[in-house]
Amino acid sequence: MESVLITKNLGISFGGLKAVSNFDIDLTEGELVGLIGPNGAGKTTIFNLLTGVYQPTEGTITLQGKNVHRKRPDQLVKMGIARTFQNIRLFKHLSVLDNVTIACNFQMRYSLLGGMFRLPGYWREELAVKEKAMSILSVFGLEMYADTLADNLPYGKQRKLEIARALATDPKVLLLDEPAAGMNPTETNELMNTISLVRKQFGITILLIEHDMSLVLGICERIIVLDYGQIIASGLPGEIVNDPKVIAAYLGT
Amino acid sequence: MQNIPARTLDDLLVLEDKRMVDFIQQLINGLQIGSIYALVALGYTMVYGIVKLINFAHGDVIMIGSYVAITTIPLLAAFGAPSWLCIIASVLFCAFLGFMIEAVAYRPLRNAPRLCSIITAIGMSLFLENLAMLVFSPNPRPVPRIFSTKPIMVGGIQFTFNTLLTIIVSVSLMVAIQFFVKNSKTGRAMRAVSEDFGAAKLMGINVNRTISLTFAIGSGLAAFGSVFYSSTYPLVEPMMGSMLGLKAFIAAVLGGIGIIPGAIIGGLIMGVAESLTKAYINSQLADAVVFGILIVVLLVKPSGILGKNTKEKV
Amino acid sequence: MTKKTLKSYAVNLIAVMLLYGTMVYLSESGVLSRYYSGILVLVCINIMLAVSLNLTTGCLGQIALGHAGFMSIGAYTAALFTKWLDLSGAAGYLGYFGGLILGGLLAAVFGFIIGLPALRLKGDYLAIITLGFGEIIRAIIENMQFTGGAQGLRSIEQFSTLPVASGICIISVGLLTALMRSRHGRAILSIREDDIASEAAGINNTYYRTMAFTIAAFFAGVAGGVYAHYIGILGAKNFNFSKSVEIIIIVVLGGLGSFTGSIVAAILLTILPELLRDFENYRMLVYSIALILIMIFKPSGIFGRYEFSLTRAITYWVDVFKGKRKPFAALRSRNNKETED
C-alpha cells in the first residue's frame with residue numbers, strides 16, 4: 001500500500017511556545033485514522049500545518065511523494081488534500097449547490113472572457129460541474145436542498161455539507177475536524193455510515209479529529225493520541241483504550 | 001592661504017553656522033508640527049486600540065475644536081480674560097463631542113461587520129465637515145493671537161514662545177497619558193477592553209464607560225492639538241481637519257496603530273519629515289511624501305514601527 | 001443550454017431591447033429635452049460606477065475608497081485619445097469606442113498595480129491605502145502638463161449621447177452580471193463569505209481579489225471615458241475623494257452585493273439632486289446623515305443581496321395568475337429556516 005501522507009519531525013513554535021513537535025505520521029492509501037487528545041493538545045494546529053494555513057518551523061510534509069514546502073492552502077487543495085473545520089465555515093449566504101460547485105472551481109477551465117461572453121466552454125463545464133455537485137450532494141442526502149441558502153440548513157446538515165464541499169475537490173486525503181461535534185447519537189451513527197461509505201466509494205484516506213469515542217472506536221482503523229503537541233501513543237483502538245499514558249492524559253495524574 | 005582677507009573667512013564660517021542653524025530651525029519646526037500630529041495621532045491610536053475602528057471623524061473634531069477656540073476668544077476678551085483660556089473651552093467641548101459621536105453613531109454598530117463601521121465613520125466625518133460649512137461658511141476665518149510670538153533665543157537658535165509651549169505641553173501630555181494608561185486603574189481597564197471585550201466585562205469592567213472615556217480623552221487631546229495648530233497656522237476652515245487628520249492617522253500607523261508610544265514616535269517623525277521636505281526639496285511634494293510614507297509602511301510592515309504581527313486563529 | 005435558460009435569455013433580451021429602444025426614441029424624437037437627456041446620461045455613468053464598485057465592495061467584500069481615481073484615468077485617457085485622433089462622424093465614434101476601451105484598460109492596469117499589494121491588507125488598512133492611492137492619482141494628474149494641469153482639458157467632443165451612453169451602460173451591467181454568475185464570480189463571492197474556507201476549497205484568494213479589483217477599475221475607467229465625452233471639459237477636481245464617497249453612498253444605499261440595488265440607488269441619487277437643486281447646500285449634509293442612519297438601521301441597504309430577475313418575476317406572476325401560488329406569501333413568513341427532519 002502506498003503512503004499518501006508522510007510527516008517527519010513536523011513541528012511549529014509560536015514565539016517561545018512549542019505548539020507541536022516531533023510529529024511523525026505515515027498514512028497509507030485508503031486508511032481511516034483517528035487523531036485524539038485532550039483540548040489544546042494541538043490537533044487543529046496539525047490540520048492547519050497539513051493544509052498550509054500555518055507554515056511549520058521544523059520538519060517536512062510529503063503529500064503523494066511531493067514535498068509541500070511553503071505551499072499555499074489552495075495549492076495544497078489542488079495537490080489532493082482537503083479539510084473541514086472545527087467551527088463550521090460554510091459560505092452562508094450562498095446556496096448549498098454553490099458551496100459545492102465553488103470547490104470545483106479549480107477543475108474548470110473556461111476563461112474570464114469565456115464566462116462573461118457565455119462561450120460554449122461555459123455551458124459545457126457548468127453543466128458538468130452541476131451534475132458532479134448534485135451527485136456528491138445525493139451521497140449525503142442533500143440534493144433537495146440544492147437551492148437553499150447554506151445558512152438555512154439545520155446544524156447536522158451543515159456539517160454534512162462541509163464534508164461534501166471538501167469531497168468536491170477530489171482529494172486523496174481528507175481531514176475531518178470534529179465532524180460529529182454537536183450531534184446526537186442517531187446523527188453520529190448516520191455520520192459513521194456516511195464516512196465509511198465515502199471512504200469506500202471515493203477511495204480516499206481519512207484523518208479524523210474527534211472527541212466522540214463511539215465514533216472513533218467505531219470506525220477508525222488506528223488511532224494517534226496527541227498531548228501537549230506530541231504523540232504519546234499510536235496503535236489499534238483496543239491498545240489505545242488501555243494505554244496508561246492515554247488515560248493519564250485525559251484524566252490527569 | 002594666509003593672504004585671504006579675514007572678512008571672507010569670517011563669512012565662510014558664518015555661512016556654515018547659518019546652514020547649521022537653518023537645519024536646526026527646520027528640525028524645531030518639524031518637532032513642533034510633529035508634536036501636534038502626535039497629539040492627534042494619540043486619539044486615533046487609543047480609539048483603534050480599544051474598538052478597532054479608524055475614527056475618520058477625528059480630524060474633523062480638531063476642526064470643531066479650532067472653531068470653538070475662535071468663538072470663545074472674543075467672549076473671553078469681553079470679560080478681560082486671557083485668550084489662552086480658550087483651550088479649556090475647546091478641550092471640554094471636544095471631549096464631549098467625542099463622547100457623543102461614539103454614543104450615537106459608533107456604539108450601535110459595535111457588533112456589526114467592519115465595513116459598516118468604516119462607512120459610518122466616513123459619514124460622521126462628512127457630517128461634521130458639511131455642518132461646519134453651513135454654520136460657519138466655507139470661507140477661511142482668521143484666528144486671533146492666542147500665545148505671544150515673542151522670539152526667545154536659546155543657544156543662538158530662535159524659538160517663538162508658541163513653538164516652545166507647543167512642544168513642551170504636548171510632550172508632557174503624551175508622557176502623562178502613557179503613565180495613565182500603564183498605571184491607573186482606568187488605564188488598565190482600557191488595555192483590558194482592547195484585548196478582549198467579553199473577558200473585560202466578566203472581570204467587572206464597565207466596557208461602555210471605558211470606551212466612552214477613551215473617545216473623550218482622545219478628542220480632548222486633539223483639542224489641545226487644534227489650539228496649538230491654530231496658533232501656528234492662524235486660518236480656520238471647515239476642511240482643515242481632513243488633511244491634518246489624515247496625516248496624524250498616517251503617523252499613528254507609522255508608529256504602530258493601537259500603541260501609544262508609537263503615536264508619539266510616528267507623529268514626531270512625520271512632522272520632521274514634512275518640515276525637512278518643505279524646506280529642502282519642494283513644498284508641493286510634502287503631501288506626496290506623506291502619502292508615500294503611508295504606502296511604504298502598509299506594504300512593508302503594516303503593524304508599524306513598534307507593532308507586532310498577530311495571526312488569526314483558524 | 002436548457003430550455004429554461006433559453007427562455008430566460010430570450011425574455012431578458014427582449015426587455016433590454018425594449019429599454020434601449022425607449023432610450024433611443026426618447027432622445028431622438030425630442031420628447032426629452034437636452035437637459036433631461038443629460039441627466040439620464042449621468043444616470044448611466046453612475047450606474048456603471050456603482051455596479052463596478054459593488055464588485056469590489058459588495059461582492060468581494062473589500063472597501064475601496066479610491067474609485068474616482070480609476071474613473072479619472074479612464075476619462076483623461078479617452079479624452080486625450082479622441083483629441084489626438086481628431087475625427088468626427090462615424091469614424092469619430094470608432095475612435096471614441098477605442099478611447100473608452102483604452103481608458104478602461106489603463107485604469108485596469110493601475111487597478112492591478114495597486115490591487116496586488118494593497119489587497120493583502122484587510123478592512124481598514126485597505127480602505128486607507130486605496131484612499132491614499134486615489135489622492136496620489138489626483139495629485140499627479142493635477143500636476144501633469146499634458147493633462148492640462150490645474151486648468152484641465154477642454155473641448156472634448158461630446159460623443160456620449162443618450163443612446164450611446166445607455167447602450168454602453170447596458171452592456172457593462174450585462175457583462176458584470178454574467179461575471180457574477182460564472183465560476184469567477186462565485187470564487188469572488190466565496191472570498192467575501194469566508195476567505196479561509198475559500199482557500200480550503202481551492203480558490204487562490206490573491207488571484208481573485210486582484211481580478212475583482214482590476215475588473216472594477218476597468219469599468220470605472222470606461223465610465224470615466226463616457227463622462228469625459230459628455231461633459232466636454234475635465235478637471236482633476238471632478239475626481240476627488242468626494243466623488244469616491246458619492247459612489248460609495250450609492251452602493252451602500254442600494255445594497256452591498258446587489259446590482260439591482262446599485263442601479264436603483266444610482267437612478268435615485270442622480271435624479272434627486274437635480275430635482276432638489278435649490279437644496280444643493282444641504283445635499284452632502286443630508287447624504288452624510290442618511291449614510292449613518294442606513295448603517296445603523298439597515299446596513300444591508302434597500303435591496304440587501306437581493307437581485308431582481310425578470311424571469312423569476314414573470315414566472316411568479318404567471319403562477320399567481322394560474323392559481324398555483326398565493327401572492328406575497330414569502331413576505332408573510334420571512335427567512336424560513338428548514339427544521340430538522
# chains A, B, ... in the order shown; residues from 1 in each chain; ligands from 1
>>> interface_residues(of="chain A", to="chain B", cutoff="10 Å", atoms="only C-alpha atoms", output="ChimeraX atom specification")
/A:44-45,48,53-54,85-87
>>> write_last_selection(atoms="N, CA and C atoms", output="PDB file, in the first residue's frame")
ATOM      1  N   THR A  44      -5.950  20.621  15.967  1.00  0.00           N
ATOM      2  CA  THR A  44      -6.311  21.501  14.857  1.00  0.00           C
ATOM      3  C   THR A  44      -5.075  22.207  14.301  1.00  0.00           C
ATOM      4  N   THR A  45      -4.098  22.469  15.182  1.00  0.00           N
ATOM      5  CA  THR A  45      -2.854  23.077  14.711  1.00  0.00           C
ATOM      6  C   THR A  45      -2.189  22.168  13.683  1.00  0.00           C
ATOM      7  N   ASN A  48      -3.933  22.551  10.506  1.00  0.00           N
ATOM      8  CA  ASN A  48      -3.535  23.811   9.874  1.00  0.00           C
ATOM      9  C   ASN A  48      -2.164  23.694   9.227  1.00  0.00           C
ATOM     10  N   VAL A  53      -2.175  26.395   6.252  1.00  0.00           N
ATOM     11  CA  VAL A  53      -2.620  27.612   6.931  1.00  0.00           C
ATOM     12  C   VAL A  53      -1.496  28.165   7.811  1.00  0.00           C
ATOM     13  N   TYR A  54      -0.766  27.241   8.449  1.00  0.00           N
ATOM     14  CA  TYR A  54       0.447  27.633   9.167  1.00  0.00           C
ATOM     15  C   TYR A  54       1.642  27.041   8.440  1.00  0.00           C
ATOM     16  N   PHE A  85     -13.743  22.129   8.969  1.00  0.00           N
ATOM     17  CA  PHE A  85     -13.328  22.981  10.082  1.00  0.00           C
ATOM     18  C   PHE A  85     -14.062  22.644  11.370  1.00  0.00           C
ATOM     19  N   GLN A  86     -13.401  22.908  12.473  1.00  0.00           N
ATOM     20  CA  GLN A  86     -13.962  22.642  13.784  1.00  0.00           C
ATOM     21  C   GLN A  86     -15.237  23.469  13.989  1.00  0.00           C
ATOM     22  N   ASN A  87     -15.141  24.787  13.709  1.00  0.00           N
ATOM     23  CA  ASN A  87     -16.327  25.632  13.703  1.00  0.00           C
ATOM     24  C   ASN A  87     -16.731  25.759  12.249  1.00  0.00           C
TER      25      ASN A  87
END
>>> residues_around(residues="Ala236 in chain C", least_positions_apart="3", cutoff="7 Å", atoms="only C-alpha atoms", output="ChimeraX atom specification")
/C:138,141-142,152,239
>>> select_by_dssp(residues="range 24-67 of chain A", states="strand (DSSP E or B)", output="PyMOL selection string")
chain A and resi 24-28+32-36+58-63+66-67
>>> closest_residue(among="C:Gln62, C:Ser8, C:Ser72, C:Ser182", to="chain B", atoms="only C-alpha atoms")
C:Gln62
>>> atom_distance(atom1="CA of Lys132 in chain A", atom2="CA of Glu221 in chain A")
29.4 Å
>>> residues_around(residues="Leu294 in chain B", least_positions_apart="2", cutoff="8 Å", atoms="only C-alpha atoms", output="PyMOL selection string")
(chain B and resi 250+253-254+290-292+296-298) or (chain C and resi 129+132)
>>> write_last_selection(atoms="N, CA and C atoms", output="PDB file, in the first residue's frame")
ATOM      1  N   ILE B 250      -1.761  58.729   9.517  1.00  0.00           N
ATOM      2  CA  ILE B 250      -0.592  58.078   8.944  1.00  0.00           C
ATOM      3  C   ILE B 250       0.502  57.958  10.003  1.00  0.00           C
ATOM      4  N   VAL B 253      -0.281  55.070  12.223  1.00  0.00           N
ATOM      5  CA  VAL B 253       0.010  53.799  11.557  1.00  0.00           C
ATOM      6  C   VAL B 253       1.513  53.570  11.497  1.00  0.00           C
ATOM      7  N   LEU B 254       2.244  54.655  11.220  1.00  0.00           N
ATOM      8  CA  LEU B 254       3.702  54.563  11.114  1.00  0.00           C
ATOM      9  C   LEU B 254       4.297  54.037  12.401  1.00  0.00           C
ATOM     10  N   VAL B 290       4.184  62.405   2.321  1.00  0.00           N
ATOM     11  CA  VAL B 290       3.361  61.906   3.421  1.00  0.00           C
ATOM     12  C   VAL B 290       2.574  60.661   3.020  1.00  0.00           C
ATOM     13  N   PHE B 291       1.909  60.730   1.868  1.00  0.00           N
ATOM     14  CA  PHE B 291       1.184  59.546   1.395  1.00  0.00           C
ATOM     15  C   PHE B 291       2.138  58.417   1.061  1.00  0.00           C
ATOM     16  N   GLY B 292       3.279  58.801   0.530  1.00  0.00           N
ATOM     17  CA  GLY B 292       4.277  57.794   0.197  1.00  0.00           C
ATOM     18  C   GLY B 292       4.710  57.006   1.428  1.00  0.00           C
ATOM     19  N   VAL B 296       4.381  52.974   1.896  1.00  0.00           N
ATOM     20  CA  VAL B 296       5.548  52.144   2.199  1.00  0.00           C
ATOM     21  C   VAL B 296       5.333  51.354   3.488  1.00  0.00           C
ATOM     22  N   VAL B 297       4.854  52.046   4.524  1.00  0.00           N
ATOM     23  CA  VAL B 297       4.623  51.353   5.801  1.00  0.00           C
ATOM     24  C   VAL B 297       3.630  50.206   5.626  1.00  0.00           C
ATOM     25  N   LEU B 298       2.503  50.485   4.965  1.00  0.00           N
ATOM     26  CA  LEU B 298       1.475  49.468   4.834  1.00  0.00           C
ATOM     27  C   LEU B 298       1.955  48.270   4.024  1.00  0.00           C
TER      28      LEU B 298
ATOM     29  N   ILE C 129      -5.394  52.704   2.337  1.00  0.00           N
ATOM     30  CA  ILE C 129      -4.399  52.699   1.276  1.00  0.00           C
ATOM     31  C   ILE C 129      -5.043  53.022  -0.072  1.00  0.00           C
ATOM     32  N   GLY C 132      -5.410  56.657  -0.125  1.00  0.00           N
ATOM     33  CA  GLY C 132      -4.116  57.264  -0.419  1.00  0.00           C
ATOM     34  C   GLY C 132      -3.800  57.232  -1.902  1.00  0.00           C
TER      35      GLY C 132
END
>>> interface_residues(of="chain C", to="chain B", cutoff="7 Å", atoms="only C-alpha atoms", output="count of residues only")
16
>>> select_by_dssp(residues="range 218-302 of chain C", states="alpha helix (DSSP H)", output="ChimeraX atom specification")
/C:218-231,241-254,259-275,280-297
>>> write_last_selection(atoms="C-alpha atoms", output="PDB file, in the first residue's frame")
ATOM      1  CA  PHE C 218     -11.733  48.733 -15.936  1.00  0.00           C
ATOM      2  CA  PHE C 219     -15.422  49.550 -15.872  1.00  0.00           C
ATOM      3  CA  ALA C 220     -14.807  52.639 -13.764  1.00  0.00           C
ATOM      4  CA  GLY C 221     -12.362  53.741 -16.448  1.00  0.00           C
ATOM      5  CA  VAL C 222     -14.920  53.177 -19.206  1.00  0.00           C
ATOM      6  CA  ALA C 223     -17.467  55.144 -17.198  1.00  0.00           C
ATOM      7  CA  GLY C 224     -14.906  57.907 -16.887  1.00  0.00           C
ATOM      8  CA  GLY C 225     -14.410  57.954 -20.634  1.00  0.00           C
ATOM      9  CA  VAL C 226     -18.140  58.228 -21.211  1.00  0.00           C
ATOM     10  CA  TYR C 227     -18.264  61.048 -18.666  1.00  0.00           C
ATOM     11  CA  ALA C 228     -15.440  62.950 -20.307  1.00  0.00           C
ATOM     12  CA  HIS C 229     -17.233  62.913 -23.657  1.00  0.00           C
ATOM     13  CA  TYR C 230     -20.461  64.003 -22.103  1.00  0.00           C
ATOM     14  CA  ILE C 231     -19.271  66.924 -20.125  1.00  0.00           C
ATOM     15  CA  PHE C 241     -12.419  61.916  -2.602  1.00  0.00           C
ATOM     16  CA  SER C 242     -15.884  63.477  -2.591  1.00  0.00           C
ATOM     17  CA  LYS C 243     -16.698  61.703  -5.835  1.00  0.00           C
ATOM     18  CA  SER C 244     -15.454  58.391  -4.463  1.00  0.00           C
ATOM     19  CA  VAL C 245     -17.653  58.881  -1.431  1.00  0.00           C
ATOM     20  CA  GLU C 246     -20.701  59.681  -3.577  1.00  0.00           C
ATOM     21  CA  ILE C 247     -20.277  56.386  -5.397  1.00  0.00           C
ATOM     22  CA  ILE C 248     -19.900  54.524  -2.118  1.00  0.00           C
ATOM     23  CA  ILE C 249     -23.101  56.109  -0.854  1.00  0.00           C
ATOM     24  CA  ILE C 250     -24.940  54.842  -3.932  1.00  0.00           C
ATOM     25  CA  VAL C 251     -23.602  51.333  -3.476  1.00  0.00           C
ATOM     26  CA  VAL C 252     -24.326  51.212   0.258  1.00  0.00           C
ATOM     27  CA  LEU C 253     -27.818  52.635  -0.156  1.00  0.00           C
ATOM     28  CA  GLY C 254     -28.669  50.156  -2.888  1.00  0.00           C
ATOM     29  CA  PHE C 259     -26.527  45.086  -8.698  1.00  0.00           C
ATOM     30  CA  THR C 260     -30.237  45.769  -8.808  1.00  0.00           C
ATOM     31  CA  GLY C 261     -29.789  47.906  -5.721  1.00  0.00           C
ATOM     32  CA  SER C 262     -26.918  49.825  -7.252  1.00  0.00           C
ATOM     33  CA  ILE C 263     -28.979  50.577 -10.348  1.00  0.00           C
ATOM     34  CA  VAL C 264     -31.975  51.792  -8.391  1.00  0.00           C
ATOM     35  CA  ALA C 265     -29.865  53.826  -5.994  1.00  0.00           C
ATOM     36  CA  ALA C 266     -27.887  55.352  -8.857  1.00  0.00           C
ATOM     37  CA  ILE C 267     -31.094  56.459 -10.532  1.00  0.00           C
ATOM     38  CA  LEU C 268     -32.432  57.862  -7.276  1.00  0.00           C
ATOM     39  CA  LEU C 269     -29.275  59.652  -6.257  1.00  0.00           C
ATOM     40  CA  THR C 270     -28.643  61.168  -9.675  1.00  0.00           C
ATOM     41  CA  ILE C 271     -32.153  62.424 -10.288  1.00  0.00           C
ATOM     42  CA  LEU C 272     -32.956  63.573  -6.764  1.00  0.00           C
ATOM     43  CA  PRO C 273     -30.176  66.194  -6.507  1.00  0.00           C
ATOM     44  CA  GLU C 274     -31.254  67.585  -9.861  1.00  0.00           C
ATOM     45  CA  LEU C 275     -34.844  67.893  -8.730  1.00  0.00           C
ATOM     46  CA  GLU C 280     -27.712  71.896  -3.105  1.00  0.00           C
ATOM     47  CA  ASN C 281     -26.073  73.269   0.038  1.00  0.00           C
ATOM     48  CA  TYR C 282     -27.763  70.718   2.205  1.00  0.00           C
ATOM     49  CA  ARG C 283     -27.149  67.794  -0.111  1.00  0.00           C
ATOM     50  CA  MET C 284     -23.941  66.430   1.378  1.00  0.00           C
ATOM     51  CA  LEU C 285     -25.231  67.053   4.879  1.00  0.00           C
ATOM     52  CA  VAL C 286     -28.338  65.004   4.188  1.00  0.00           C
ATOM     53  CA  TYR C 287     -26.257  62.307   2.473  1.00  0.00           C
ATOM     54  CA  SER C 288     -23.945  62.014   5.446  1.00  0.00           C
ATOM     55  CA  ILE C 289     -26.828  61.725   7.906  1.00  0.00           C
ATOM     56  CA  ALA C 290     -28.511  59.207   5.606  1.00  0.00           C
ATOM     57  CA  LEU C 291     -25.315  57.181   5.430  1.00  0.00           C
ATOM     58  CA  ILE C 292     -25.056  56.968   9.211  1.00  0.00           C
ATOM     59  CA  LEU C 293     -28.756  56.137   9.618  1.00  0.00           C
ATOM     60  CA  ILE C 294     -28.644  53.423   6.954  1.00  0.00           C
ATOM     61  CA  MET C 295     -25.647  51.826   8.586  1.00  0.00           C
ATOM     62  CA  ILE C 296     -27.306  51.820  11.973  1.00  0.00           C
ATOM     63  CA  PHE C 297     -30.774  50.714  10.955  1.00  0.00           C
TER      64      PHE C 297
END
>>> residues_around(residues="Gln55 in chain A", least_positions_apart="5", cutoff="8 Å", atoms="only C-alpha atoms", output="VMD selection string")
chain A and resid 12 49 70
>>> write_last_selection(atoms="N, CA and C atoms", output="CSV table (one decimal), in the first residue's frame")
chain,number,residue,atom,x,y,z
A,12,ILE,N,5.8,23.2,15.1
A,12,ILE,CA,5.7,24.6,14.9
A,12,ILE,C,5.8,25.3,16.3
A,49,LEU,N,-1.3,22.9,9.9
A,49,LEU,CA,0.1,22.7,9.3
A,49,LEU,C,-0.1,21.9,8.0
A,70,ARG,N,6.2,25.4,1.9
A,70,ARG,CA,5.8,26.7,1.6
A,70,ARG,C,4.7,26.8,0.6
>>> residues_around(residues="Lys4 in chain C", least_positions_apart="6", cutoff="12 Å", atoms="only C-alpha atoms", output="list in words")
Ala10, Val11, Thr311, Arg312 and Thr315 of chain C
>>> write_last_selection(atoms="N, CA and C atoms", output="mmCIF file, in the first residue's frame")
data_model
loop_
_atom_site.group_PDB
_atom_site.id
_atom_site.type_symbol
_atom_site.label_atom_id
_atom_site.label_comp_id
_atom_site.auth_asym_id
_atom_site.auth_seq_id
_atom_site.Cartn_x
_atom_site.Cartn_y
_atom_site.Cartn_z
ATOM 1 N N ALA C 10 -34.048 34.777 -23.604
ATOM 2 C CA ALA C 10 -34.900 35.457 -24.578
ATOM 3 C C ALA C 10 -35.689 36.573 -23.923
ATOM 4 N N VAL C 11 -36.260 36.264 -22.752
ATOM 5 C CA VAL C 11 -37.042 37.262 -22.023
ATOM 6 C C VAL C 11 -36.202 38.486 -21.703
ATOM 7 N N THR C 311 -37.086 36.900 -15.268
ATOM 8 C CA THR C 311 -37.657 35.583 -15.482
ATOM 9 C C THR C 311 -38.402 35.109 -14.251
ATOM 10 N N ARG C 312 -37.733 35.314 -13.102
ATOM 11 C CA ARG C 312 -38.341 34.845 -11.868
ATOM 12 C C ARG C 312 -39.617 35.624 -11.585
ATOM 13 N N THR C 315 -42.343 34.378 -14.020
ATOM 14 C CA THR C 315 -42.828 33.048 -13.629
ATOM 15 C C THR C 315 -43.715 33.142 -12.409
#
>>> interface_residues(of="chain C", to="chain A", cutoff="12 Å", atoms="only C-alpha atoms", output="VMD selection string")
chain C and resid 1 to 2 5 to 6 9 59 171 to 208 211 to 212 215 257 304 to 306 334 to 341
>>> closest_residue(among="C:Leu310, C:Ile14, C:Leu53, C:Ala75", to="Thr147 in chain C", atoms="only C-alpha atoms")
C:Ala75
>>> residues_around(residues="range 224-235 of chain A", least_positions_apart="3", cutoff="6 Å", atoms="only C-alpha atoms", output="ChimeraX atom specification")
/A:19-21,35-37,41-42
>>> atom_distance(atom1="CA of Gly98 in chain B", atom2="CA of Tyr48 in chain B")
13.7 Å
>>> closest_residue(among="A:Lys8, A:Leu251, A:Leu207, A:Leu217", to="Glu239 in chain A", atoms="only C-alpha atoms")
A:Leu217
>>> residues_around(residues="Glu190 in chain A", least_positions_apart="6", cutoff="12 Å", atoms="only C-alpha atoms", output="ChimeraX atom specification")
/A:140-141,156-157,160,179-180,183-184,196-197,215,218
>>> write_last_selection(atoms="N, CA and C atoms", output="mmCIF file, in the first residue's frame")
data_model
loop_
_atom_site.group_PDB
_atom_site.id
_atom_site.type_symbol
_atom_site.label_atom_id
_atom_site.label_comp_id
_atom_site.auth_asym_id
_atom_site.auth_seq_id
_atom_site.Cartn_x
_atom_site.Cartn_y
_atom_site.Cartn_z
ATOM 1 N N PHE A 140 -24.970 12.482 0.403
ATOM 2 C CA PHE A 140 -25.262 12.947 1.755
ATOM 3 C C PHE A 140 -26.742 13.236 1.976
ATOM 4 N N GLY A 141 -27.539 12.935 0.965
ATOM 5 C CA GLY A 141 -28.963 13.194 1.117
ATOM 6 C C GLY A 141 -29.309 14.670 1.131
ATOM 7 N N GLY A 156 -26.894 19.744 11.679
ATOM 8 C CA GLY A 156 -26.359 18.456 11.246
ATOM 9 C C GLY A 156 -26.101 18.428 9.748
ATOM 10 N N LYS A 157 -27.024 19.000 8.979
ATOM 11 C CA LYS A 157 -26.874 19.009 7.535
ATOM 12 C C LYS A 157 -25.776 19.970 7.094
ATOM 13 N N LYS A 160 -22.636 18.086 7.216
ATOM 14 C CA LYS A 160 -22.522 17.182 6.074
ATOM 15 C C LYS A 160 -22.138 17.957 4.825
ATOM 16 N N PRO A 179 -16.104 16.192 13.053
ATOM 17 C CA PRO A 179 -17.310 16.186 12.242
ATOM 18 C C PRO A 179 -18.573 15.904 13.038
ATOM 19 N N ALA A 180 -18.420 15.237 14.202
ATOM 20 C CA ALA A 180 -19.620 14.870 14.951
ATOM 21 C C ALA A 180 -19.930 15.848 16.071
ATOM 22 N N MET A 183 -23.547 16.644 17.602
ATOM 23 C CA MET A 183 -24.546 15.707 17.062
ATOM 24 C C MET A 183 -25.040 14.744 18.129
ATOM 25 N N ASN A 184 -26.305 14.332 18.027
ATOM 26 C CA ASN A 184 -26.816 13.321 18.948
ATOM 27 C C ASN A 184 -26.430 11.922 18.440
ATOM 28 N N SER A 196 -17.842 5.929 6.273
ATOM 29 C CA SER A 196 -17.399 4.641 5.727
ATOM 30 C C SER A 196 -17.723 4.559 4.255
ATOM 31 N N LEU A 197 -18.922 4.988 3.912
ATOM 32 C CA LEU A 197 -19.356 4.961 2.515
ATOM 33 C C LEU A 197 -18.441 5.807 1.654
ATOM 34 N N LEU A 215 -17.598 7.212 17.987
ATOM 35 C CA LEU A 215 -17.281 7.376 16.566
ATOM 36 C C LEU A 215 -15.869 6.887 16.279
ATOM 37 N N GLY A 218 -15.545 3.281 16.718
ATOM 38 C CA GLY A 218 -16.423 2.609 15.776
ATOM 39 C C GLY A 218 -15.836 2.435 14.395
#
>>> closest_residue(among="A:Ala181, A:Gly40, A:Arg222, A:Ala133", to="Ala249 in chain A", atoms="only C-alpha atoms")
A:Gly40
>>> atom_distance(atom1="CA of Ala252 in chain B", atom2="CA of Gly59 in chain B")
12.7 Å
